[in-house]
Amino acid sequence: MAALPESQPQRGPFLEFLSVELAPREGRTLAVVHIATACAITVAIAMVFRIPEPTYMAYIVFLVSKDEKAATVTTGLAAQIAVTLAIVLTLGLMLVDLSEPALRLPAMALNTFVAMYTVRAFVLGPVTYLAGFVLVMLQSVVDDVPNPEALTRLSMWMWVVLAVPIAVTISLNPLFAPGARLLSERTRTKILTELEPALLHGDVQRQLPQWQEITVALLSKNIGPAASAVIRRLVDVLIILEVLPDEIPSAQRETLAARVRACRNAFVGGAIENHAPSDSEDPNIRALLQALEALEREIAQPSATQPAAAPHAKRPLFVPDAFTNSAHWQFAAKTTFAVMVVYAVYTLLDWPGMRTSIVTCFFVALGSLGETVHKLVLRISGALLGGLIAGLCIVFVLPHMTDIGQLSALIFLVSAGAAWIATSSERLSYMGLQTAFAFFLGILQDYAPANDLTVLRDRVAGIVLGNIVMAVIFSVLWPESARDRLRETLAETLRKIGALLRHEGDPEAARAGVVQALVKADKYNTLSNFELNMLTARPHPSAENHLLTDTRRIAGTAFVATAAHSDDQSRLTQRAAEELLLEIEHATPPVR
């Protein structure tokens, strides 16, 4: 334990990032085996029955596999509905624009625009987005098919291309994928296990944003009222840790660590330990101890504090600013322009192997420039890594393979490595998806062992082309800065803290809203680093870093002030609330 703090400074930031993202954790191995097994089985089925597009079949396993069973099933069913809709629309459009490019190209542009607009403005946006993507891809292959009958058969096969990997992935769910409640138990156990030594060594702040991120993700899952109450108490602890003093006597550190250990033991024993009252004069430490005691009680006696189930409000079909926020149609227009540019480039160059550039434009497009560049970096890195692995396998491995079993074994091994990266946080996970996609593009060229590096070269070149076009367009046309989104989110966070201090609405919902906004702000703060100097007239990133740090401190103090459990703490509540409300009025950052 003592060696850990000494070894951390010796790592550079990049190695430290990789060590955190790629570290083993409970449930990760099963998730990786789930994805790799489903890929191997899917490829075997595609080869036996000669189903078209085995590359996309294997990649779909990565897209629909989620961290728990219900999410995987929901994603798979939504994707199947989207592809069914896309096939119906494609067959209808064929009657009109199959032999007329003057109609087909505007139809492709319109479909792309609608898909990208609805993904931001429509509740069912993911379904319309995937449907639009499939429709555009089918329209883009018209020039390469020999006759309308072949295009019709390919369009009908697309339903099977999606149905097989979804069926395989969902069928393996009972063996590998955890339920939402088990995922919740693993997450809170992981956090408490890591929090105890972090408190002892004064290393809490480094891991706090990551703990908050994975905890907030559980608030939207159906984990039951008892588990939800435990997660809410854990969220209270994680936010109060924001104002934990830097200098804490070792005896009080041991006391805090002991309370965390008691919470972890309560999961097993279900008993509440008797703790001596705190002698600390620091109100933040007292509030943290009280929050840990509340967490321990919630774990040991969940039935005593379960809140009544609140009725679910109907969600509107469109987001509130769907038709007033110009950023939505600008985002759709930028992506549409990029798709048509790359289509024109590879068509004029007579280079159909670069069709993966269209796939890149769809999957890289995100709200801000920082998000897009972040995904661009991950996509290019993953494409180069996956392409390199595929090239080495084509030259040195595939010539020695003679049957489907050997191919499935190779698919399993490489998919497992890519899945390990893909099961990281969103800061790195997309690189794993792209590594798998580039590998499948190179290996699964036909129903025989691949022996042509030209196909791999063309497809990787298409990925690079799509990324370059997207980066240029998103930095020139209506650029959305992640720093602006960060300042907007910080302002939203401070407004929610003010509502919490004024006791407006449900306090549990208000506290959850504060921590969700903090996690979103931390995400935009990270993404803003990817914009570098691509946008002009922007403040230095350190300005936003200070604002984020101050907002975190205000949130922690607000949670201390609203978590009073004694008379003297109640007096502190009123005084702290008044001071914080004044501070919020002066600290709310202007939206640029």
# chains A, B, ... in the order shown; residues from 1 in each chain; ligands from 1
$ closest_atom_pairs --of "segment 31-76 of chain A" --to "segment 212-220 of chain A" --cutoff "12 Å" --atoms "only C-alpha atoms" --output "CSV"
residue,atom,partner,partner_atom,distance
A:Asp67,CA,A:Ala217,CA,10.9
A:Glu68,CA,A:Leu218,CA,10.9
A:Ala71,CA,A:Ser220,CA,11.2
$ residues_around --residues "Lys520 of chain A" --least-positions-apart "4" --cutoff "12 Å" --atoms "only C-alpha atoms" --output "PyMOL selection string"
chain A and resi 209-210+212-214+216-217+482+485-493+513-516+524-527+548
$ write_last_selection --atoms "N, CA and C atoms" --output "compact mmCIF listing (two decimals), in the first residue's frame"
# COMPACT_ATOMS: atom_id res chain seq x y z
N PRO A 209 -13.34 12.29 -9.99
CA PRO A 209 -14.20 12.43 -11.18
C PRO A 209 -14.61 11.09 -11.81
N GLN A 210 -13.69 10.12 -11.81
CA GLN A 210 -14.01 8.81 -12.38
C GLN A 210 -15.07 8.11 -11.54
N GLN A 212 -17.35 9.52 -9.66
CA GLN A 212 -18.62 10.20 -9.86
C GLN A 212 -19.24 9.81 -11.20
N GLU A 213 -18.42 9.68 -12.23
CA GLU A 213 -18.92 9.34 -13.56
C GLU A 213 -19.60 7.97 -13.58
N ILE A 214 -18.94 6.96 -13.03
CA ILE A 214 -19.53 5.62 -13.10
C ILE A 214 -20.71 5.48 -12.14
N VAL A 216 -22.89 8.06 -11.38
CA VAL A 216 -24.00 8.78 -12.00
C VAL A 216 -24.65 7.95 -13.10
N ALA A 217 -23.86 7.14 -13.81
CA ALA A 217 -24.42 6.30 -14.87
C ALA A 217 -25.45 5.33 -14.33
N ALA A 482 -16.20 22.98 -27.26
CA ALA A 482 -16.46 22.26 -26.01
C ALA A 482 -16.29 23.19 -24.82
N ARG A 485 -19.57 24.82 -24.32
CA ARG A 485 -20.48 23.86 -23.70
C ARG A 485 -20.13 23.68 -22.22
N LEU A 486 -18.83 23.74 -21.90
CA LEU A 486 -18.41 23.64 -20.51
C LEU A 486 -18.96 24.80 -19.69
N ARG A 487 -18.84 26.02 -20.22
CA ARG A 487 -19.33 27.17 -19.47
C ARG A 487 -20.85 27.12 -19.32
N GLU A 488 -21.55 26.67 -20.34
CA GLU A 488 -23.00 26.52 -20.22
C GLU A 488 -23.36 25.50 -19.14
N THR A 489 -22.60 24.40 -19.12
CA THR A 489 -22.87 23.36 -18.13
C THR A 489 -22.55 23.84 -16.72
N LEU A 490 -21.48 24.61 -16.57
CA LEU A 490 -21.15 25.16 -15.26
C LEU A 490 -22.24 26.11 -14.77
N ALA A 491 -22.76 26.92 -15.67
CA ALA A 491 -23.86 27.81 -15.31
C ALA A 491 -25.09 27.00 -14.89
N GLU A 492 -25.36 25.92 -15.63
CA GLU A 492 -26.48 25.04 -15.28
C GLU A 492 -26.26 24.40 -13.91
N THR A 493 -25.02 24.00 -13.64
CA THR A 493 -24.70 23.38 -12.35
C THR A 493 -24.95 24.35 -11.20
N GLY A 513 -29.34 15.95 -9.88
CA GLY A 513 -29.12 16.87 -10.98
C GLY A 513 -27.79 17.61 -10.88
N VAL A 514 -27.39 17.96 -9.66
CA VAL A 514 -26.11 18.65 -9.47
C VAL A 514 -24.95 17.76 -9.87
N VAL A 515 -24.96 16.51 -9.40
CA VAL A 515 -23.81 15.64 -9.70
C VAL A 515 -23.79 15.24 -11.18
N GLN A 516 -24.95 15.09 -11.80
CA GLN A 516 -24.98 14.80 -13.23
C GLN A 516 -24.40 15.96 -14.04
N TYR A 524 -16.77 17.84 -20.72
CA TYR A 524 -16.46 18.92 -21.66
C TYR A 524 -15.10 19.54 -21.38
N ASN A 525 -14.70 19.56 -20.12
CA ASN A 525 -13.38 20.08 -19.78
C ASN A 525 -12.29 19.23 -20.41
N THR A 526 -12.46 17.91 -20.37
CA THR A 526 -11.49 17.01 -21.00
C THR A 526 -11.49 17.18 -22.51
N LEU A 527 -12.68 17.28 -23.11
CA LEU A 527 -12.77 17.38 -24.56
C LEU A 527 -12.22 18.70 -25.09
N LEU A 548 -14.26 25.19 -13.13
CA LEU A 548 -14.73 23.85 -12.78
C LEU A 548 -14.35 23.49 -11.35
$ closest_residue --among "A:Leu349, A:Ala561, A:Ile191, A:Ala333" --to "Val114 of chain A" --atoms "only C-alpha atoms"
A:Ala333
$ closest_residue --among "A:Lys496, A:Gly505, A:Gly466, A:Gly353" --to "Arg379 of chain A" --atoms "only C-alpha atoms"
A:Gly466
$ closest_atom_pairs --of "segment 91-170 of chain A" --to "segment 318-323 of chain A" --cutoff "6 Å" --atoms "only C-alpha atoms" --output "CSV"
residue,atom,partner,partner_atom,distance
A:Ala121,CA,A:Ala322,CA,4.9
A:Phe122,CA,A:Phe318,CA,4.6
A:Val123,CA,A:Phe318,CA,5.7
$ closest_residue --among "A:Thr551, A:Arg120, A:Ala436, A:Gly498" --to "Asn325 of chain A" --atoms "only C-alpha atoms"
A:Arg120
$ residues_around --residues "Tyr59 of chain A" --least-positions-apart "4" --cutoff "7 Å" --atoms "only C-alpha atoms" --output "PyMOL selection string"
chain A and resi 55+63+436-437
$ residues_around --residues "Ala23 of chain A" --least-positions-apart "6" --cutoff "12 Å" --atoms "only C-alpha atoms" --output "ChimeraX atom specification"
/A:15-17,29,420-421,423-425
$ residues_around --residues "Thr189 of chain A" --least-positions-apart "5" --cutoff "12 Å" --atoms "only C-alpha atoms" --output "list in words"
Arg25, Glu26, Leu182, Leu183, Ser184, Glu194, Leu195, Glu196, Trp211, Thr215, Val230, Ile231, Leu234, Val260, Arg261, Ala262, Cys263, Arg264, Asn265, Ala266, Phe267, Val268 and Ile299 of chain A
$ atom_distance --atom1 "atom CA of Ile463 of chain A" --atom2 "atom CA of Leu410 of chain A"
23.5 Å
$ residues_around --residues "Leu93 of chain A" --least-positions-apart "6" --cutoff "9 Å" --atoms "only C-alpha atoms" --output "tab-separated table (two decimals) with all heavy atoms, in the first residue's frame"
chain	number	residue	atom	x	y	z
A	104	ARG	N	-31.10	10.77	-56.86
A	104	ARG	CA	-30.50	9.94	-55.80
A	104	ARG	C	-29.58	10.74	-54.89
A	104	ARG	O	-29.60	10.58	-53.67
A	104	ARG	CB	-29.74	8.77	-56.44
A	104	ARG	CG	-29.09	7.85	-55.43
A	104	ARG	CD	-28.70	6.54	-56.10
A	104	ARG	NE	-27.87	6.77	-57.28
A	104	ARG	CZ	-26.55	6.93	-57.24
A	104	ARG	NH1	-25.93	6.90	-56.07
A	104	ARG	NH2	-25.86	7.11	-58.35
A	107	ALA	N	-31.49	12.91	-52.53
A	107	ALA	CA	-32.14	12.05	-51.55
A	107	ALA	C	-31.15	11.59	-50.48
A	107	ALA	O	-31.48	11.53	-49.28
A	107	ALA	CB	-32.76	10.84	-52.25
A	139	GLN	N	-27.80	3.43	-50.67
A	139	GLN	CA	-27.88	4.30	-51.84
A	139	GLN	C	-26.49	4.54	-52.46
A	139	GLN	O	-26.37	4.75	-53.67
A	139	GLN	CB	-28.49	5.64	-51.43
A	139	GLN	CG	-29.96	5.57	-51.08
A	139	GLN	CD	-30.86	5.59	-52.30
A	139	GLN	OE1	-30.92	6.56	-53.03
A	139	GLN	NE2	-31.57	4.49	-52.52
$ decode --residues "segment 354-453 of chain A" --atoms "C-alpha atoms" --output "CSV table (one decimal), in the first residue's frame"
chain,number,residue,atom,x,y,z
A,354,MET,CA,-12.8,4.3,-49.8
A,355,ARG,CA,-16.6,4.0,-49.0
A,356,THR,CA,-15.6,3.6,-45.4
A,357,SER,CA,-15.2,7.4,-45.4
A,358,ILE,CA,-19.1,7.7,-45.3
A,359,VAL,CA,-19.2,5.4,-42.3
A,360,THR,CA,-16.5,7.6,-40.6
A,361,CYS,CA,-18.6,10.8,-41.2
A,362,PHE,CA,-21.6,9.2,-39.5
A,363,PHE,CA,-19.9,7.7,-36.5
A,364,VAL,CA,-17.4,10.6,-35.8
A,365,ALA,CA,-20.0,13.4,-35.9
A,366,LEU,CA,-20.6,14.8,-32.5
A,367,GLY,CA,-21.8,18.1,-31.0
A,368,SER,CA,-18.7,20.1,-30.4
A,369,LEU,CA,-15.4,20.3,-32.3
A,370,GLY,CA,-13.6,18.9,-29.2
A,371,GLU,CA,-15.9,15.8,-29.2
A,372,THR,CA,-15.4,15.3,-32.9
A,373,VAL,CA,-11.6,15.7,-32.8
A,374,HIS,CA,-11.4,13.4,-29.7
A,375,LYS,CA,-13.3,10.7,-31.6
A,376,LEU,CA,-11.2,11.5,-34.7
A,377,VAL,CA,-8.0,10.8,-32.7
A,378,LEU,CA,-9.4,7.5,-31.3
A,379,ARG,CA,-10.7,6.4,-34.8
A,380,ILE,CA,-7.5,7.0,-36.6
A,381,SER,CA,-5.5,5.4,-33.8
A,382,GLY,CA,-7.8,2.4,-33.8
A,383,ALA,CA,-7.8,2.2,-37.6
A,384,LEU,CA,-4.1,2.1,-37.8
A,385,LEU,CA,-3.8,-0.4,-35.0
A,386,GLY,CA,-6.5,-2.7,-36.4
A,387,GLY,CA,-5.2,-2.3,-39.9
A,388,LEU,CA,-1.7,-3.2,-38.8
A,389,ILE,CA,-2.9,-6.3,-37.0
A,390,ALA,CA,-5.0,-7.3,-40.1
A,391,GLY,CA,-2.0,-6.8,-42.4
A,392,LEU,CA,0.2,-8.9,-40.3
A,393,CYS,CA,-2.4,-11.7,-40.1
A,394,ILE,CA,-2.9,-11.6,-43.9
A,395,VAL,CA,0.8,-12.0,-44.6
A,396,PHE,CA,1.8,-14.4,-41.8
A,397,VAL,CA,-1.3,-16.1,-40.3
A,398,LEU,CA,-4.0,-16.6,-42.9
A,399,PRO,CA,-1.9,-18.6,-45.4
A,400,HIS,CA,-1.6,-21.4,-42.8
A,401,MET,CA,-5.3,-21.5,-42.0
A,402,THR,CA,-7.5,-24.2,-43.7
A,403,ASP,CA,-10.9,-24.1,-42.0
A,404,ILE,CA,-13.6,-21.9,-40.3
A,405,GLY,CA,-12.6,-23.1,-36.8
A,406,GLN,CA,-9.1,-21.6,-37.2
A,407,LEU,CA,-10.6,-18.3,-38.5
A,408,SER,CA,-13.0,-18.2,-35.6
A,409,ALA,CA,-10.1,-18.7,-33.2
A,410,LEU,CA,-8.3,-15.8,-34.8
A,411,ILE,CA,-11.4,-13.6,-34.6
A,412,PHE,CA,-11.9,-14.5,-31.0
A,413,LEU,CA,-8.3,-13.6,-30.0
A,414,VAL,CA,-8.2,-10.2,-31.8
A,415,SER,CA,-11.8,-9.4,-30.8
A,416,ALA,CA,-10.9,-10.0,-27.1
A,417,GLY,CA,-8.0,-7.5,-27.3
A,418,ALA,CA,-10.2,-4.9,-29.0
A,419,ALA,CA,-13.0,-5.6,-26.5
A,420,TRP,CA,-10.7,-5.0,-23.6
A,421,ILE,CA,-10.1,-1.5,-24.9
A,422,ALA,CA,-13.8,-1.0,-25.8
A,423,THR,CA,-14.9,-1.8,-22.3
A,424,SER,CA,-12.9,1.3,-21.0
A,425,SER,CA,-14.6,4.6,-20.3
A,426,GLU,CA,-15.8,6.7,-23.2
A,427,ARG,CA,-12.4,8.5,-23.1
A,428,LEU,CA,-10.8,5.4,-24.8
A,429,SER,CA,-13.5,2.9,-25.6
A,430,TYR,CA,-14.1,4.1,-29.2
A,431,MET,CA,-10.5,3.2,-30.1
A,432,GLY,CA,-11.4,-0.5,-29.3
A,433,LEU,CA,-14.4,-0.3,-31.5
A,434,GLN,CA,-12.4,1.1,-34.4
A,435,THR,CA,-9.6,-1.4,-33.9
A,436,ALA,CA,-12.1,-4.2,-34.3
A,437,PHE,CA,-13.7,-2.6,-37.3
A,438,ALA,CA,-10.4,-2.0,-39.2
A,439,PHE,CA,-9.4,-5.6,-38.4
A,440,PHE,CA,-12.6,-7.1,-39.7
A,441,LEU,CA,-12.4,-4.9,-42.8
A,442,GLY,CA,-9.0,-6.4,-43.7
A,443,ILE,CA,-9.6,-10.0,-42.7
A,444,LEU,CA,-13.2,-10.6,-43.8
A,445,GLN,CA,-12.9,-9.6,-47.4
A,446,ASP,CA,-14.5,-12.7,-48.9
A,447,TYR,CA,-15.5,-16.3,-48.0
A,448,ALA,CA,-11.9,-17.4,-48.4
A,449,PRO,CA,-8.7,-16.4,-46.6
A,450,ALA,CA,-7.8,-12.8,-47.4
A,451,ASN,CA,-4.7,-12.4,-49.5
A,452,ASP,CA,-5.0,-8.8,-50.8
A,453,LEU,CA,-3.5,-5.9,-48.9
